[in-house]
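Containing compact mmCIF, C-alpha atoms: start_3.txt.
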```
# COMPACT_ATOMS: atom_id res chain seq x y z
CA MET A 12 152.03 126.88 120.21
CA TYR A 13 152.30 123.89 122.51
CA VAL A 14 150.71 120.45 122.29
CA LEU A 15 150.51 118.06 125.20
CA ASP A 16 152.00 114.60 125.08
CA PRO A 17 149.13 112.06 124.85
CA THR A 18 151.14 109.05 126.03
CA ALA A 19 151.28 107.65 129.56
CA GLU A 20 154.79 109.04 130.11
CA VAL A 21 155.41 106.30 132.63
CA ARG A 22 159.05 105.85 133.53
CA PRO A 23 159.88 102.12 133.62
CA GLN A 24 160.84 100.87 137.06
CA PRO A 25 164.44 99.63 137.18
CA VAL A 26 164.57 95.86 137.37
CA SER A 27 167.45 93.48 137.90
CA ARG A 28 167.81 90.05 136.40
CA ALA A 29 167.57 86.99 138.56
CA PRO A 30 170.89 85.16 139.01
CA ARG A 31 171.56 82.67 136.21
CA LEU A 32 171.50 78.98 137.07
CA ASP A 33 174.68 76.96 136.55
CA SER A 34 172.80 73.73 136.24
CA LEU A 35 169.26 72.35 136.36
CA HIS A 36 170.41 69.34 138.34
CA HIS A 37 168.18 69.07 141.42
CA ARG A 38 166.24 72.12 140.26
CA ARG A 39 162.51 72.49 139.80
CA VAL A 40 161.36 73.90 136.46
CA GLY A 41 157.87 75.32 135.85
CA LEU A 42 156.18 75.44 132.46
CA LEU A 43 153.16 77.75 132.35
CA SER A 44 150.84 77.35 129.37
CA ASN A 45 148.23 79.95 128.38
CA GLY A 46 145.91 77.02 127.70
CA LYS A 47 145.84 77.11 123.93
CA ALA A 48 146.35 73.91 121.99
CA ALA A 49 149.63 74.79 120.29
CA VAL A 50 151.48 75.11 123.60
CA ALA A 51 151.19 71.39 124.36
CA PRO A 52 153.54 70.00 121.65
CA LEU A 53 156.00 72.83 122.28
CA PHE A 54 156.10 72.08 126.00
CA ASP A 55 156.23 68.31 125.40
CA HIS A 56 159.42 68.84 123.44
CA LEU A 57 160.80 71.33 125.94
CA GLU A 58 160.08 69.01 128.86
CA SER A 59 161.93 66.14 127.19
CA LEU A 60 164.92 68.42 126.56
CA LEU A 61 164.89 69.63 130.14
CA ARG A 62 164.76 66.13 131.57
CA GLN A 63 167.11 64.33 129.18
CA GLU A 64 169.69 66.92 128.21
CA TRP A 65 169.59 69.30 131.15
CA LYS A 66 168.82 66.71 133.85
CA ALA A 67 166.06 68.70 135.52
CA ASN A 68 164.70 66.39 138.19
CA GLU A 69 161.27 68.00 138.43
CA VAL A 70 159.24 69.69 135.70
CA LEU A 71 155.94 71.21 136.74
CA ARG A 72 153.32 71.68 133.97
CA LEU A 73 150.66 74.29 134.75
CA THR A 74 147.89 75.79 132.61
CA LYS A 75 146.02 79.05 133.03
CA GLY A 76 142.23 78.86 133.17
CA ASN A 77 141.84 81.89 130.90
CA SER A 78 144.36 82.55 128.16
CA SER A 79 143.58 86.28 128.19
CA ALA A 80 143.90 86.85 131.93
CA PRO A 81 146.79 86.68 134.39
CA ALA A 82 147.64 83.33 135.97
CA GLU A 83 145.48 82.48 138.95
CA PRO A 84 146.97 83.06 142.45
CA ASN A 85 147.29 79.31 143.16
CA LEU A 86 149.37 78.90 139.98
CA ILE A 87 151.58 81.82 140.98
CA ARG A 88 152.13 80.18 144.37
CA GLU A 89 153.15 76.93 142.66
CA LEU A 90 155.47 78.76 140.29
CA ALA A 91 157.09 80.61 143.18
CA ARG A 92 158.49 77.24 144.28
CA CYS A 93 160.33 76.81 140.97
CA HIS A 94 163.92 77.80 140.22
CA LEU A 95 163.23 78.42 136.53
CA ILE A 96 159.97 79.22 134.72
CA PHE A 97 159.02 79.12 131.05
CA THR A 98 155.77 80.65 129.89
CA GLY A 99 154.28 79.73 126.54
CA VAL A 100 151.67 81.34 124.34
CA GLY A 101 150.16 79.23 121.60
CA ASP A 102 147.44 79.92 119.07
CA MET K 24 138.09 120.74 148.17
CA VAL K 25 140.56 122.48 145.88
CA LEU K 26 141.12 120.67 142.62
CA SER K 27 144.61 120.51 141.18
CA THR K 28 144.71 122.43 137.93
CA ARG K 29 148.32 121.80 136.98
CA LEU K 30 148.81 119.88 133.76
CA LEU K 31 151.69 117.44 134.03
CA SER K 32 152.06 116.24 130.44
CA THR K 33 155.19 117.20 128.54
CA ARG K 34 154.61 120.26 126.35
CA HIS K 35 155.95 120.03 122.81
CA GLU K 36 156.46 123.27 120.94
CA VAL K 37 155.33 123.39 117.31
CA ASP K 38 155.09 126.28 114.86
CA ASP K 39 151.39 126.12 114.06
CA GLU K 40 148.38 123.81 113.65
CA ARG K 41 149.78 122.32 110.47
CA ALA K 42 153.11 121.57 112.12
CA ALA K 43 151.20 120.03 115.01
CA GLN K 44 149.53 117.58 112.60
CA ASP K 45 152.87 116.51 111.18
CA PHE K 46 154.43 116.20 114.63
CA LEU K 47 151.59 114.12 116.11
CA HIS K 48 151.47 111.78 113.10
CA GLU K 49 155.24 111.36 113.01
CA LYS K 50 155.21 110.41 116.67
CA GLY K 51 152.71 107.63 115.97
CA TRP K 52 150.12 109.16 118.29
CA THR K 53 147.20 109.06 115.84
CA ASP K 54 145.09 106.50 114.02
CA GLY K 55 146.18 107.97 110.70
CA LEU K 56 143.30 110.42 110.34
CA PRO K 57 143.71 114.16 110.94
CA VAL K 58 143.66 115.15 114.60
CA ILE K 59 143.01 118.24 116.67
CA ALA K 60 146.10 119.64 118.39
CA PRO K 61 145.80 118.98 122.14
CA THR K 62 146.75 122.40 123.45
CA PRO K 63 146.74 123.04 127.19
CA GLU K 64 143.72 125.33 126.81
CA ARG K 65 141.64 122.74 124.93
CA VAL K 66 142.55 120.03 127.44
CA MET K 67 141.69 122.24 130.41
CA SER K 68 138.30 123.02 128.85
CA CYS K 69 137.49 119.28 128.76
CA LEU K 70 138.53 118.85 132.38
CA ASP K 71 136.51 121.89 133.46
CA VAL K 72 133.32 120.59 131.86
CA ALA K 73 133.74 117.19 133.51
CA GLY K 74 134.74 118.75 136.83
CA LEU K 75 137.82 116.56 137.01
CA ALA K 76 141.29 117.49 138.23
CA PRO K 77 144.11 116.61 135.84
CA ASP K 78 145.54 114.05 138.25
CA HIS K 79 142.18 112.41 138.96
CA VAL K 80 142.49 108.71 138.22
CA ILE K 81 139.53 107.66 136.07
CA GLY K 82 140.51 104.02 136.24
CA ILE K 83 143.42 101.63 136.49
CA GLU K 84 143.93 98.88 133.92
CA PRO K 85 144.03 95.98 136.36
CA VAL K 86 146.64 93.69 134.78
CA ARG K 87 149.48 96.11 134.04
CA GLU K 88 148.24 98.48 136.74
CA ARG K 89 148.37 101.43 134.36
CA PRO K 90 146.36 104.43 135.58
CA ILE K 91 144.30 106.48 133.16
CA THR K 92 144.31 110.02 134.49
CA ALA K 93 141.73 112.60 133.54
CA GLU K 94 144.47 114.69 131.96
CA LYS K 95 145.70 111.94 129.67
CA ALA K 96 142.14 110.97 128.77
CA ALA K 97 141.37 114.60 127.94
CA VAL K 98 144.50 115.02 125.81
CA ASN K 99 143.42 112.04 123.72
CA ALA K 100 139.80 113.17 123.61
CA VAL K 101 140.91 116.51 122.13
CA LEU K 102 143.17 114.65 119.73
CA ALA K 103 140.14 112.62 118.59
CA GLY K 104 138.10 115.74 117.91
CA CYS K 105 136.02 115.84 121.08
CA GLN K 106 134.56 119.11 122.23
CA PRO K 107 134.58 119.66 126.00
CA VAL K 108 130.93 118.64 126.25
CA HIS K 109 131.80 115.16 124.94
CA PHE K 110 134.44 114.49 127.56
CA PRO K 111 132.24 113.36 130.50
CA VAL K 112 130.97 110.51 128.30
CA VAL K 113 134.53 109.52 127.37
CA ALA K 114 135.47 109.50 131.07
CA ALA K 115 132.50 107.27 131.93
CA ILE K 116 133.40 104.82 129.18
CA LEU K 117 136.99 104.55 130.40
CA GLU K 118 135.81 104.02 133.96
CA ALA K 119 133.58 101.15 132.81
CA MET K 120 136.39 99.59 130.77
CA CYS K 121 138.66 99.49 133.83
CA ARG K 122 136.28 97.34 135.84
CA PRO K 123 137.95 93.93 136.38
CA GLU K 124 135.11 92.00 134.77
CA PHE K 125 135.68 93.80 131.46
CA LEU K 126 139.16 92.21 131.20
CA LEU K 127 140.55 95.26 129.42
CA HIS K 128 144.08 93.97 128.93
CA GLY K 129 142.97 90.70 127.36
CA ALA K 130 140.28 92.31 125.26
CA THR K 131 142.62 94.89 123.76
CA SER K 132 145.68 92.69 123.23
CA SER K 133 144.04 89.49 121.95
CA THR K 134 144.58 88.08 118.48
CA GLY K 135 140.76 88.00 118.36
CA GLY K 136 140.81 91.66 117.41
CA CYS K 137 137.70 92.98 119.10
CA ALA K 138 136.73 96.61 119.60
CA VAL K 139 134.99 98.34 122.48
CA LEU K 140 131.33 98.76 121.57
CA VAL K 141 129.78 101.70 123.43
CA VAL K 142 126.04 102.23 123.79
CA VAL K 143 124.91 105.56 125.22
CA ASN K 144 121.59 105.97 127.02
CA GLY K 145 119.81 108.84 128.74
CA PRO K 146 119.48 112.60 128.25
CA VAL K 147 123.14 113.09 127.30
CA ARG K 148 122.36 111.54 123.88
CA LEU K 149 120.05 114.43 123.07
CA GLU K 150 122.35 117.05 124.57
CA LEU K 151 125.17 115.85 122.31
CA GLY K 152 123.01 115.45 119.21
CA MET K 153 123.63 111.74 118.90
CA GLU K 154 121.65 110.16 116.06
CA PRO K 155 120.48 106.61 116.79
CA THR K 156 118.62 106.09 113.54
CA PHE K 157 120.06 106.27 110.00
CA ASN K 158 123.46 104.64 109.52
CA VAL K 159 123.76 104.08 113.26
CA LEU K 160 126.60 101.57 112.90
CA GLY K 161 128.38 103.77 110.39
CA ASN K 162 129.02 107.46 110.82
CA SER K 163 125.76 108.79 112.14
CA ASP K 164 126.86 111.95 113.94
CA ARG K 165 129.78 113.92 115.30
CA ALA K 166 129.47 112.91 118.95
CA SER K 167 129.36 109.17 118.22
CA ALA K 168 132.35 109.47 115.92
CA VAL K 169 134.64 111.46 118.20
CA ILE K 170 133.69 109.68 121.42
CA GLY K 171 134.34 106.27 119.86
CA ARG K 172 137.61 107.51 118.39
CA ALA K 173 138.71 108.96 121.74
CA VAL K 174 138.41 105.51 123.33
CA ARG K 175 140.72 104.03 120.71
CA LEU K 176 143.30 106.82 121.04
CA VAL K 177 143.38 106.44 124.83
CA LEU K 178 144.05 102.73 124.36
CA ARG K 179 146.75 103.48 121.84
CA ASN K 180 148.55 106.25 123.65
CA VAL K 181 147.93 105.70 127.35
CA LEU K 182 147.87 101.89 127.45
CA ASP K 183 150.25 101.27 124.50
CA VAL K 184 147.65 99.25 122.59
CA ARG K 185 149.32 99.73 119.21
CA PRO K 186 149.07 97.25 116.34
CA GLY K 187 151.99 94.86 116.48
CA THR K 188 153.05 95.81 120.00
CA LEU K 189 150.41 95.24 122.65
CA ASP K 190 147.59 94.95 120.12
CA ARG K 191 148.13 91.49 118.65
CA SER K 192 144.93 91.47 116.56
CA THR K 193 145.20 89.21 113.55
CA LEU K 194 142.57 91.20 111.65
CA GLY K 195 140.85 93.71 113.90
CA HIS K 196 137.72 95.28 112.42
CA PRO K 197 136.49 98.71 111.34
CA GLY K 198 134.89 99.31 114.75
CA LYS K 199 138.37 99.84 116.10
CA LEU K 200 138.32 103.33 114.59
CA GLY K 201 135.29 104.01 116.74
CA TYR K 202 132.33 101.85 117.83
CA CYS K 203 129.97 104.19 119.63
CA MET K 204 126.22 104.48 119.20
CA ALA K 205 123.18 105.82 121.02
CA GLU K 206 119.95 103.94 121.64
CA ASP K 207 116.78 105.26 119.99
CA GLU K 208 114.84 105.72 123.21
CA GLU K 209 112.37 108.12 121.58
CA GLY K 210 111.59 105.59 118.85
CA THR K 211 110.59 102.71 121.08
CA ASP K 212 108.44 101.76 124.04
CA TRP K 213 111.12 99.37 125.23
CA THR K 214 113.08 99.93 128.43
CA PRO K 215 116.47 101.51 127.64
CA LEU K 216 119.45 99.17 127.73
CA ALA K 217 121.17 100.90 130.66
CA GLN K 218 117.99 100.89 132.72
CA LEU K 219 117.59 97.13 132.19
CA ARG K 220 121.15 96.81 133.45
CA GLY K 221 120.60 98.74 136.67
CA ALA K 222 120.70 102.44 135.80
CA PRO K 223 117.91 104.58 137.27
CA ALA K 224 115.41 105.92 134.75
CA GLY K 225 116.42 109.22 133.21
CA VAL K 226 120.10 108.93 134.15
CA SER K 227 122.72 109.12 131.41
CA ALA K 228 124.80 105.97 131.23
CA VAL K 229 127.14 104.04 128.98
CA THR K 230 127.43 100.31 128.37
CA VAL K 231 130.67 98.83 127.05
CA LEU K 232 131.12 95.45 125.42
CA ALA K 233 134.29 93.84 124.08
CA ALA K 234 132.80 93.02 120.72
CA GLY K 235 133.40 91.59 117.29
CA ALA K 236 132.19 93.24 114.11
CA PRO K 237 128.45 93.53 113.47
CA ARG K 238 126.91 90.64 111.52
CA GLN K 239 124.02 92.02 109.48
CA ILE K 240 120.76 90.10 109.06
CA MET K 241 117.68 90.76 106.93
CA ASN K 242 114.10 89.53 107.18
CA GLU K 243 111.42 91.58 105.43
CA TRP K 244 109.10 88.70 104.64
CA THR K 245 107.22 88.13 107.87
CA THR K 246 105.44 89.99 110.63
CA ALA K 247 105.65 87.14 113.12
CA PRO K 248 107.93 87.98 116.08
CA GLU K 249 109.14 84.41 116.35
CA GLU K 250 110.22 84.36 112.71
CA ILE K 251 111.96 87.71 112.94
CA LEU K 252 113.83 86.61 116.02
CA GLU K 253 114.64 83.22 114.50
CA THR K 254 116.75 85.08 111.93
CA PHE K 255 118.71 86.73 114.75
CA ALA K 256 119.04 83.33 116.45
CA ALA K 257 120.35 81.78 113.24
CA GLU K 258 123.03 84.47 112.98
CA MET K 259 124.04 83.87 116.59
CA ARG K 260 124.27 80.14 115.89
CA ALA K 261 126.33 80.88 112.80
CA ASN K 262 128.74 82.95 114.88
CA MET K 263 129.04 80.08 117.35
CA LEU K 264 130.04 77.76 114.53
CA HIS K 265 132.09 80.05 112.34
CA TYR K 266 133.78 82.06 115.08
CA SER K 267 133.52 81.04 118.73
CA ILE K 268 131.22 78.53 120.39
CA TRP K 269 131.54 80.09 123.83
CA GLY K 270 128.55 81.92 125.26
CA GLY K 271 128.57 85.42 126.73
CA ASN K 272 127.16 88.90 126.20
CA TYR K 273 125.77 89.18 122.70
CA ALA K 274 124.19 92.42 121.49
CA ILE K 275 121.48 92.70 118.87
CA VAL K 276 120.52 95.93 117.12
CA VAL K 277 116.84 96.01 116.21
CA PRO K 278 115.78 98.79 113.81
CA LYS K 279 112.36 100.39 113.75
CA GLN K 280 110.75 98.29 111.04
CA LEU K 281 111.42 95.04 112.87
CA ARG K 282 110.94 96.66 116.27
CA ASP K 283 107.44 97.80 115.37
CA ARG K 284 106.45 94.22 114.51
CA LEU K 285 107.72 93.01 117.85
CA GLN K 286 106.24 95.86 119.86
CA ASP K 287 102.85 95.61 118.13
CA ALA K 288 102.72 91.97 119.17
CA GLY K 289 103.56 92.90 122.76
CA TRP K 290 107.13 91.64 122.83
CA SER K 291 109.35 93.42 125.37
CA LYS K 292 113.11 93.16 125.69
CA PRO K 293 112.88 90.44 128.37
CA HIS K 294 110.65 88.40 126.03
CA ILE K 295 113.25 88.71 123.29
CA GLN K 296 116.05 87.80 125.68
CA GLN K 297 114.21 84.67 126.77
CA PHE K 298 113.41 83.62 123.19
CA LEU K 299 117.01 83.98 122.01
CA PHE K 300 118.36 82.35 125.16
CA GLU K 301 116.36 79.27 124.21
CA ARG K 302 116.92 79.36 120.44
CA ALA K 303 120.57 80.39 120.03
CA ARG K 304 122.13 77.03 120.78
CA VAL K 305 124.27 74.56 118.89
CA ARG K 306 125.63 71.12 119.51
CA LYS K 307 129.29 70.32 119.29
CA ARG K 308 128.66 67.94 116.41
CA ASP K 309 127.47 70.92 114.32
CA TRP K 310 131.15 71.83 114.00
CA THR K 311 131.65 68.93 111.61
CA GLY K 312 129.70 70.82 108.96
CA VAL K 313 131.91 73.91 109.14
CA GLY K 314 135.33 72.35 108.90
CA LYS K 315 135.98 71.98 112.62
CA GLY K 316 135.37 68.27 112.86
CA ALA K 317 138.79 67.77 114.42
CA LEU K 318 137.33 69.03 117.70
CA VAL K 319 134.34 66.66 117.68
CA THR K 320 134.82 63.31 119.39
CA ALA K 321 132.69 60.22 119.85
CA THR K 322 131.64 61.46 123.27
CA ASN K 323 131.24 65.24 122.94
CA GLY K 324 128.98 65.50 119.87
CA ASP K 325 125.80 65.86 121.92
CA GLU K 326 127.19 68.65 124.10
CA GLU K 327 124.87 71.64 123.87
CA HIS K 328 126.31 75.15 123.89
CA ALA K 329 124.17 78.24 124.44
CA ALA K 330 125.09 81.64 123.03
CA LEU K 331 123.80 83.25 126.23
CA LEU K 332 124.62 81.98 129.70
CA SER K 333 121.39 83.59 130.89
CA PRO K 334 118.65 85.63 129.14
CA ALA K 335 120.04 88.82 130.70
CA ASP K 336 123.31 88.26 128.82
CA LEU K 337 121.63 89.60 125.69
CA LEU K 338 121.93 93.35 125.13
CA VAL K 339 118.91 94.41 123.08
CA ILE K 340 119.50 97.79 121.44
CA ALA K 341 116.78 99.76 119.69
CA ALA K 342 118.54 101.64 116.91
CA GLY K 343 118.66 102.03 113.15
CA GLY K 344 116.89 103.88 110.37
CA PRO K 345 113.11 103.81 110.01
CA GLY K 346 112.95 101.65 106.88
CA GLY K 347 114.41 98.24 106.14
CA GLY K 348 114.08 94.86 107.74
CA PHE K 349 117.72 94.74 108.71
CA GLY K 350 119.32 94.11 112.05
CA ALA K 351 122.65 93.18 113.49
CA VAL K 352 124.11 90.60 115.82
CA ILE K 353 127.21 91.85 117.61
CA PRO K 354 129.08 88.92 119.13
CA PRO K 355 131.27 88.92 122.21
CA TRP K 356 135.04 88.84 121.80
CA PHE K 357 135.68 85.75 123.91
CA GLY K 358 132.54 84.20 125.37
CA HIS K 359 131.97 85.12 128.98
CA LYS K 360 135.64 85.92 129.73
CA SER K 361 134.86 89.62 129.32
CA ARG K 362 131.57 90.98 130.65
CA ALA K 363 129.59 94.00 129.51
CA VAL K 364 129.71 96.87 132.01
CA THR K 365 127.22 99.71 132.47
CA THR K 366 128.09 102.87 134.38
CA GLY K 367 126.68 106.35 134.86
CA VAL K 368 127.91 109.49 133.11
CA GLY K 369 129.15 111.76 135.88
CA VAL K 370 127.21 109.79 138.45
CA CYS K 371 127.72 106.47 140.21
CA PHE K 372 124.51 104.50 140.52
CA SER K 373 126.14 101.42 142.01
CA CYS K 374 128.12 103.21 144.78
```
For the structure just supplied, provide its representation as structure tokens.
Amino acid sequence: MYVLDPTAEVRPQPVSRAPRLDSLHHRRVGLLSNGKAAVAPLFDHLESLLRQEWKANEVLRLTKGNSSAPAEPNLIRELARCHLIFTGVGD
Amino acid sequence: MVLSTRLLSTRHEVDDERAAQDFLHEKGWTDGLPVIAPTPERVMSCLDVAGLAPDHVIGIEPVRERPITAEKAAVNAVLAGCQPVHFPVVAAILEAMCRPEFLLHGATSSTGGCAVLVVVNGPVRLELGMEPTFNVLGNSDRASAVIGRAVRLVLRNVLDVRPGTLDRSTLGHPGKLGYCMAEDEEGTDWTPLAQLRGAPAGVSAVTVLAAGAPRQIMNEWTTAPEEILETFAAEMRANMLHYSIWGGNYAIVVPKQLRDRLQDAGWSKPHIQQFLFERARVRKRDWTGVGKGALVTATNGDEEHAALLSPADLLVIAAGGPGGGFGAVIPPWFGHKSRAVTTGVGVCFSC
């Protein structure tokens, strides 16, 4: 007898990695928080590392309005201007 | 129009029904309970009854843009134990869950661990033998059990909502095995839930709510509607303090004993909604008494939070056994971030 596969059977689309950055000097870095409280201290520390050790000259801090939904279009537009993005989930 | 009848799912060969059980469990495609082998014939029977082609897209999960086809929904419905006659209700539920306002991805992946509460209204309840009285939030009947389970298996297998992968629930709750019930329309004069939410009278419909576990209440010591409802309000306030302060769609289940008191005094569902809209409120400072004082400041203590953003946010469900002054408050997963959705079974009443 035969049974049918209950899973989506979706083939993942091939993706390629973005080119790695040699340096953050004169680069814009975006930090996207899901809005939960525990992200703030993590990003505070990360921002200080980025500025002091990696010499990023601009760090953009953004926060989603709803931790359980995708980032709003205006945030995506802002992030599209960045050379490097971190996203953080905190509970 | 000629419907496609070709099933596209991979066919796995197994020796017999017993081998099918072992195979399906080993693959991680079950919830741990015994399943029915989804053979092509059983799946086609579901699709035939619903009048859906295998490649018909019931809905698309909006965030990951994952389609739920009728075929994949039917495979999981069979797996869950559905008979073909149950499948149109499963399809309607999935359609409702894919509406953007339901926030399906967030609701099923959140640490909050909610389940999809389903309330069935209309003639289909009687056709399927759904029992909205005794043990309605437990295992009341076959249809409720298998329909609720089918929803969970579709999430698991089609949308990858598996514990520890996409399902990040810290605790979850027993409703995640299945959380489907019918409303006791024959046992009340009240307007059915779906009709209050826009369905035409006499049309079968489902309402879905991203919901926490039921919180049971009891009040057998009064006949006054206000006192009965104050107990429900107190439980809603407790949820706002102990779980989440954010308002949204709450559901209450009102069994016959309490319902009769309310109906005899002339209280309709809208009256109940208005009463609880006004009474289910807390102030931020109330958090200090439940260990959450860290969030109360000198300036926000007077902030008032309502459990319901409007009276219509309350889903009043007539259901439960005939005796006992019990009831239940079923809280929303995450305030108003996910909204309850009502849709027709095999019919679109909002198109």
Just the number, please: distance in Å from atom CA of K:Val101 to atom CA of K:Leu47, one decimal.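 So the two atoms, atom CA of K:Val101 and atom CA of K:Leu47, lie 12.5 Å apart.
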Env of K:Asp212: 12 Å cut, atoms = all atoms listed in the file, seq-sep filter 6 positions within chain, self excluded. Answer as a PyMOL selection string. chain K and resi 206+279+282-283+285-287+289-292+341
At a cut-off of 10 Å, can you tabulate as a tab-separated table every residue of stretch 181-278 of chain K near stretch 49-72 of chain K together with its closest atom pair and the distance in Å to one decimal, using all atoms listed in the file and ordering rows by chain then number?
```
residue	atom	partner	partner_atom	distance
K:Val181	CA	K:Trp52	CA	9.9
K:Arg185	CA	K:Gly51	CA	9.2
K:Lys199	CA	K:Asp54	CA	9.7
K:Leu200	CA	K:Asp54	CA	7.5
```
Could the residues of chain A within 7 Å of chain K, counting only C-alpha atoms, be given as a list in words, please? Met12, Tyr13, Val14, Leu15, Asp16, Pro17, Thr18, Ala19, Ser79 and Ala80 of chain A
Restrict the selected residues to C-alpha atoms and save them as a PDB file, keeping the file's coordinate frame.
```
ATOM      1  CA  MET A  12     152.030 126.880 120.210  1.00  0.00           C
ATOM      2  CA  TYR A  13     152.300 123.890 122.510  1.00  0.00           C
ATOM      3  CA  VAL A  14     150.710 120.450 122.290  1.00  0.00           C
ATOM      4  CA  LEU A  15     150.510 118.060 125.200  1.00  0.00           C
ATOM      5  CA  ASP A  16     152.000 114.600 125.080  1.00  0.00           C
ATOM      6  CA  PRO A  17     149.130 112.060 124.850  1.00  0.00           C
ATOM      7  CA  THR A  18     151.140 109.050 126.030  1.00  0.00           C
ATOM      8  CA  ALA A  19     151.280 107.650 129.560  1.00  0.00           C
ATOM      9  CA  SER A  79     143.580  86.280 128.190  1.00  0.00           C
ATOM     10  CA  ALA A  80     143.900  86.850 131.930  1.00  0.00           C
TER      11      ALA A  80
END
```
Shell around A:Ser78 at 8 Å using all atoms listed in the file, local window under 4 positions removed, as an MDAnalysis selection string: chainID A and resid 45:47
Show which residues sit within 12 Å of K:Ala303, as a PyMOL selection string. Count all atoms listed in the file, and ignore same-chain residues fewer than 5 positions away. chain K and resi 252-264+268-271+273+295-298+327-334+337+352
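The space separating atom CA of K:Pro111 from atom CA of K:Val370 comes to 10.1 Å.
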At a cut-off of 10 Å, using only C-alpha atoms, what residues contact stretch 26-29 of chain A? Leave out same-chain residues fewer than 3 positions from it and give the result as an NGL selection string. :A and (23 or 32 or 95)
Using all atoms listed in the file, which of A:Leu35, A:Lys75, A:Arg22, A:Thr98 sits nearest A:Gln63?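 Once distances to A:Gln63 are computed over all atoms listed in the file, the minimum belongs to A:Leu35.
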Please list, as a compact mmCIF listing (two decimals) with C-alpha atoms, keeping the file's coordinate frame, the residues that have an atom at most 8 Å away from (152.4, 77.6, 126.0) in the coordinates of this file, counting all atoms listed in the file.
```
# COMPACT_ATOMS: atom_id res chain seq x y z
CA LEU A 42 156.18 75.44 132.46
CA LEU A 43 153.16 77.75 132.35
CA SER A 44 150.84 77.35 129.37
CA ASN A 45 148.23 79.95 128.38
CA GLY A 46 145.91 77.02 127.70
CA LYS A 47 145.84 77.11 123.93
CA ALA A 49 149.63 74.79 120.29
CA VAL A 50 151.48 75.11 123.60
CA ALA A 51 151.19 71.39 124.36
CA LEU A 53 156.00 72.83 122.28
CA PHE A 54 156.10 72.08 126.00
CA THR A 98 155.77 80.65 129.89
CA GLY A 99 154.28 79.73 126.54
CA VAL A 100 151.67 81.34 124.34
CA GLY A 101 150.16 79.23 121.60
```
One decimal, Å: what's the distance from atom CA of K:Arg175 over to atom CA of K:Val108, could you say?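 Atom-to-atom, atom CA of K:Arg175 and atom CA of K:Val108 are spaced 18.4 Å apart.
Proximity ranking of K:Met120, K:Val313, K:Ser163, K:His265 relative to K:Leu140 places K:Met120 first, based on only C-alpha atoms.
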What's around A:Gly41 at 10 Å? Count all atoms listed in the file, leave out sequence neighbours fewer than 6 positions away in its own chain, and write the answer as a short mmCIF file (atom, residue, chain, number, x, y, z; two decimals) with C-alpha atoms, keeping the file's coordinate frame.
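Writing the result to selection-v2.cif gives the following:
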```
data_model
loop_
_atom_site.label_atom_id
_atom_site.label_comp_id
_atom_site.auth_asym_id
_atom_site.auth_seq_id
_atom_site.Cartn_x
_atom_site.Cartn_y
_atom_site.Cartn_z
CA GLU A 58 160.08 69.01 128.86
CA GLU A 69 161.27 68.00 138.43
CA VAL A 70 159.24 69.69 135.70
CA LEU A 71 155.94 71.21 136.74
CA ARG A 72 153.32 71.68 133.97
CA LEU A 73 150.66 74.29 134.75
CA GLU A 89 153.15 76.93 142.66
CA LEU A 90 155.47 78.76 140.29
CA ALA A 91 157.09 80.61 143.18
CA ARG A 92 158.49 77.24 144.28
CA CYS A 93 160.33 76.81 140.97
CA HIS A 94 163.92 77.80 140.22
CA LEU A 95 163.23 78.42 136.53
CA ILE A 96 159.97 79.22 134.72
CA PHE A 97 159.02 79.12 131.05
CA THR A 98 155.77 80.65 129.89
#
```
May I ask which of the residues K:Cys203, K:Ile353, K:Val276, K:Leu318 is the closest one to A:Ala48, counting only C-alpha atoms?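 Comparing K:Cys203, K:Ile353, K:Val276, K:Leu318 against A:Ala48, the winner is K:Leu318.
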